[in-house]
Amino acid sequence: MTLIAHIDSTRPVATLINVFTVAPDRQIELLDLLARATEETMKYQPGFICANFHASLDGQSVINYAQWETEEHYRAMLADPEARVHMDKAATIATDVQPRLFRVESVHAG
């Protein structure tokens, strides 16, 4: 089954937007680590819906847009030792990590 991000203001999910600042020569390394962590660990965590990774064109940022069924599911993942290994490694590649949880307030399409 393929799961994709479904941005819907009526759907009560916890949306993680994590902004990583990274040296341009390490952006691909960080993206590879995040993708591997998701395939090996994160997608098997209870409540995980999806994760998407975005690379800035200047090479200095990576954005992780992820969805969890609830904030509690997200917090439980943070406490999981296997997940921590990946997150700690990402923090050694990035020069700054800014995770924040959001709720979708509105969606507009053309």
# chains A, B, ... in the order shown; residues from 1 in each chain; ligands from 1
>>> select_by_dssp(residues="chain A", states="strand (DSSP E)", output="VMD selection string")
chain A and resid 14 to 21 48 to 55 61 to 68 96 to 102
>>> residues_around(residues="Gln98 of chain A", least_positions_apart="4", cutoff="10 Å", atoms="only C-alpha atoms", output="JSON, numbers by chain")
{"A": [17, 18, 19, 20, 21, 63]}
>>> write_last_selection(atoms="C-alpha atoms", output="mmCIF file, in the first residue's frame")
data_model
loop_
_atom_site.group_PDB
_atom_site.id
_atom_site.type_symbol
_atom_site.label_atom_id
_atom_site.label_comp_id
_atom_site.auth_asym_id
_atom_site.auth_seq_id
_atom_site.Cartn_x
_atom_site.Cartn_y
_atom_site.Cartn_z
ATOM 1 C CA ILE A 17 7.854 20.317 9.593
ATOM 2 C CA ASN A 18 11.514 19.908 10.422
ATOM 3 C CA VAL A 19 13.975 22.403 8.960
ATOM 4 C CA PHE A 20 17.574 21.232 8.789
ATOM 5 C CA THR A 21 20.346 23.691 8.016
ATOM 6 C CA ILE A 63 12.826 20.200 4.914
#
>>> atom_distance(atom1="atom CA of Phe48 of chain A", atom2="atom CA of Val97 of chain A")
20.3 Å
>>> closest_residue(among="A:Thr38, A:Pro12, A:Pro46, A:Gly110", to="Asn64 of chain A", atoms="only C-alpha atoms")
A:Thr38
>>> atom_distance(atom1="atom CA of Leu30 of chain A", atom2="atom CA of Ser61 of chain A")
9.8 Å
>>> residues_around(residues="Glu29 of chain A", least_positions_apart="6", cutoff="12 Å", atoms="only C-alpha atoms", output="count of residues only")
12
>>> residues_around(residues="Met77 of chain A", least_positions_apart="6", cutoff="8 Å", atoms="only C-alpha atoms", output="list of chain:residue names")
A:Met42, A:Gln45, A:Pro46, A:Ala83
>>> write_last_selection(atoms="N, CA, C and O atoms", output="short mmCIF file (atom, residue, chain, number, x, y, z; two decimals), in the first residue's frame")
data_model
loop_
_atom_site.label_atom_id
_atom_site.label_comp_id
_atom_site.auth_asym_id
_atom_site.auth_seq_id
_atom_site.Cartn_x
_atom_site.Cartn_y
_atom_site.Cartn_z
N MET A 42 11.35 4.56 10.72
CA MET A 42 10.22 5.47 10.98
C MET A 42 8.90 4.94 10.46
O MET A 42 7.88 5.03 11.15
N GLN A 45 6.95 2.75 12.82
CA GLN A 45 6.51 3.29 14.10
C GLN A 45 4.99 3.42 14.10
O GLN A 45 4.39 3.83 13.09
N PRO A 46 4.34 3.11 15.22
CA PRO A 46 2.87 3.27 15.28
C PRO A 46 2.47 4.72 15.00
O PRO A 46 3.11 5.66 15.49
N ALA A 83 14.75 4.88 16.76
CA ALA A 83 14.51 6.13 16.04
C ALA A 83 15.52 7.19 16.47
O ALA A 83 16.00 7.99 15.65
#
>>> atom_distance(atom1="atom CA of Ala37 of chain A", atom2="atom CA of Ser9 of chain A")
27.9 Å
>>> closest_residue(among="A:Ser56, A:Ile7, A:Ala51, A:Arg84", to="Ala109 of chain A", atoms="only C-alpha atoms")
A:Ile7
>>> closest_residue(among="A:Leu57, A:Val107, A:Ile49, A:Ala14", to="Gln27 of chain A", atoms="only C-alpha atoms")
A:Leu57
>>> closest_residue(among="A:Asp58, A:His6, A:Glu82, A:Thr15", to="Tyr44 of chain A", atoms="only C-alpha atoms")
A:Glu82
>>> closest_residue(among="A:Asp25, A:Asp88, A:Asp8, A:Glu69", to="Ser106 of chain A", atoms="only C-alpha atoms")
A:Asp8
>>> select_by_dssp(residues="segment 4-86 of chain A", states="helix (DSSP H, G or I)", output="PyMOL selection string")
chain A and resi 24-40+42-44+71-79+81-86
>>> write_last_selection(atoms="N, CA and C atoms", output="short mmCIF file (atom, residue, chain, number, x, y, z; two decimals), in the first residue's frame")
data_model
loop_
_atom_site.label_atom_id
_atom_site.label_comp_id
_atom_site.auth_asym_id
_atom_site.auth_seq_id
_atom_site.Cartn_x
_atom_site.Cartn_y
_atom_site.Cartn_z
N PRO A 24 26.23 22.86 2.12
CA PRO A 24 25.83 22.35 0.80
C PRO A 24 26.51 21.03 0.41
N ASP A 25 27.75 20.82 0.83
CA ASP A 25 28.43 19.59 0.46
C ASP A 25 27.96 18.38 1.27
N ARG A 26 27.04 18.60 2.23
CA ARG A 26 26.50 17.49 3.04
C ARG A 26 24.99 17.30 2.85
N GLN A 27 24.38 18.11 1.98
CA GLN A 27 22.93 18.01 1.79
C GLN A 27 22.51 16.62 1.33
N ILE A 28 23.18 16.07 0.34
CA ILE A 28 22.82 14.74 -0.18
C ILE A 28 23.02 13.67 0.89
N GLU A 29 24.08 13.80 1.67
CA GLU A 29 24.33 12.86 2.76
C GLU A 29 23.18 12.86 3.76
N LEU A 30 22.69 14.05 4.10
CA LEU A 30 21.56 14.16 5.02
C LEU A 30 20.29 13.58 4.40
N LEU A 31 20.02 13.90 3.15
CA LEU A 31 18.84 13.36 2.47
C LEU A 31 18.89 11.84 2.42
N ASP A 32 20.05 11.29 2.13
CA ASP A 32 20.19 9.82 2.09
C ASP A 32 19.92 9.22 3.46
N LEU A 33 20.47 9.83 4.50
CA LEU A 33 20.26 9.33 5.86
C LEU A 33 18.78 9.37 6.24
N LEU A 34 18.11 10.48 5.94
CA LEU A 34 16.70 10.61 6.30
C LEU A 34 15.85 9.59 5.55
N ALA A 35 16.13 9.38 4.28
CA ALA A 35 15.38 8.40 3.50
C ALA A 35 15.62 6.99 4.06
N ARG A 36 16.86 6.67 4.37
CA ARG A 36 17.20 5.36 4.93
C ARG A 36 16.52 5.16 6.29
N ALA A 37 16.57 6.19 7.14
CA ALA A 37 15.94 6.11 8.46
C ALA A 37 14.44 5.87 8.32
N THR A 38 13.83 6.52 7.36
CA THR A 38 12.39 6.35 7.15
C THR A 38 12.08 4.94 6.69
N GLU A 39 12.84 4.43 5.74
CA GLU A 39 12.59 3.08 5.21
C GLU A 39 12.90 1.99 6.23
N GLU A 40 13.92 2.20 7.07
CA GLU A 40 14.34 1.17 8.02
C GLU A 40 13.59 1.21 9.35
N MET A 42 11.35 4.56 10.72
CA MET A 42 10.22 5.47 10.98
C MET A 42 8.90 4.94 10.46
N LYS A 43 8.90 4.35 9.27
CA LYS A 43 7.61 3.93 8.71
C LYS A 43 7.00 2.74 9.45
N TYR A 44 7.77 2.13 10.34
CA TYR A 44 7.25 1.02 11.14
C TYR A 44 6.80 1.48 12.53
N GLU A 71 -0.31 13.59 17.83
CA GLU A 71 0.89 14.11 18.48
C GLU A 71 1.49 13.05 19.40
N GLU A 72 0.66 12.25 20.04
CA GLU A 72 1.14 11.20 20.94
C GLU A 72 1.98 10.17 20.18
N HIS A 73 1.56 9.83 18.98
CA HIS A 73 2.35 8.91 18.16
C HIS A 73 3.72 9.52 17.85
N TYR A 74 3.73 10.79 17.50
CA TYR A 74 5.00 11.47 17.21
C TYR A 74 5.90 11.47 18.44
N ARG A 75 5.35 11.79 19.60
CA ARG A 75 6.13 11.84 20.85
C ARG A 75 6.66 10.45 21.23
N ALA A 76 5.87 9.41 20.98
CA ALA A 76 6.33 8.05 21.26
C ALA A 76 7.51 7.69 20.37
N MET A 77 7.46 8.10 19.10
CA MET A 77 8.59 7.85 18.20
C MET A 77 9.84 8.53 18.73
N LEU A 78 9.71 9.75 19.25
CA LEU A 78 10.88 10.47 19.78
C LEU A 78 11.55 9.70 20.92
N ALA A 79 10.78 8.93 21.65
CA ALA A 79 11.31 8.18 22.79
C ALA A 79 11.86 6.81 22.40
N PRO A 81 14.34 4.19 21.13
CA PRO A 81 15.81 4.18 20.99
C PRO A 81 16.30 3.99 19.55
N GLU A 82 15.62 3.14 18.78
CA GLU A 82 16.03 2.92 17.39
C GLU A 82 15.84 4.19 16.55
N ALA A 83 14.75 4.88 16.76
CA ALA A 83 14.51 6.13 16.04
C ALA A 83 15.52 7.19 16.47
N ARG A 84 15.87 7.21 17.74
CA ARG A 84 16.83 8.20 18.27
C ARG A 84 18.18 8.09 17.58
N VAL A 85 18.61 6.86 17.28
CA VAL A 85 19.90 6.67 16.61
C VAL A 85 19.93 7.47 15.31
N HIS A 86 18.87 7.37 14.52
CA HIS A 86 18.81 8.09 13.25
C HIS A 86 18.74 9.60 13.46
#
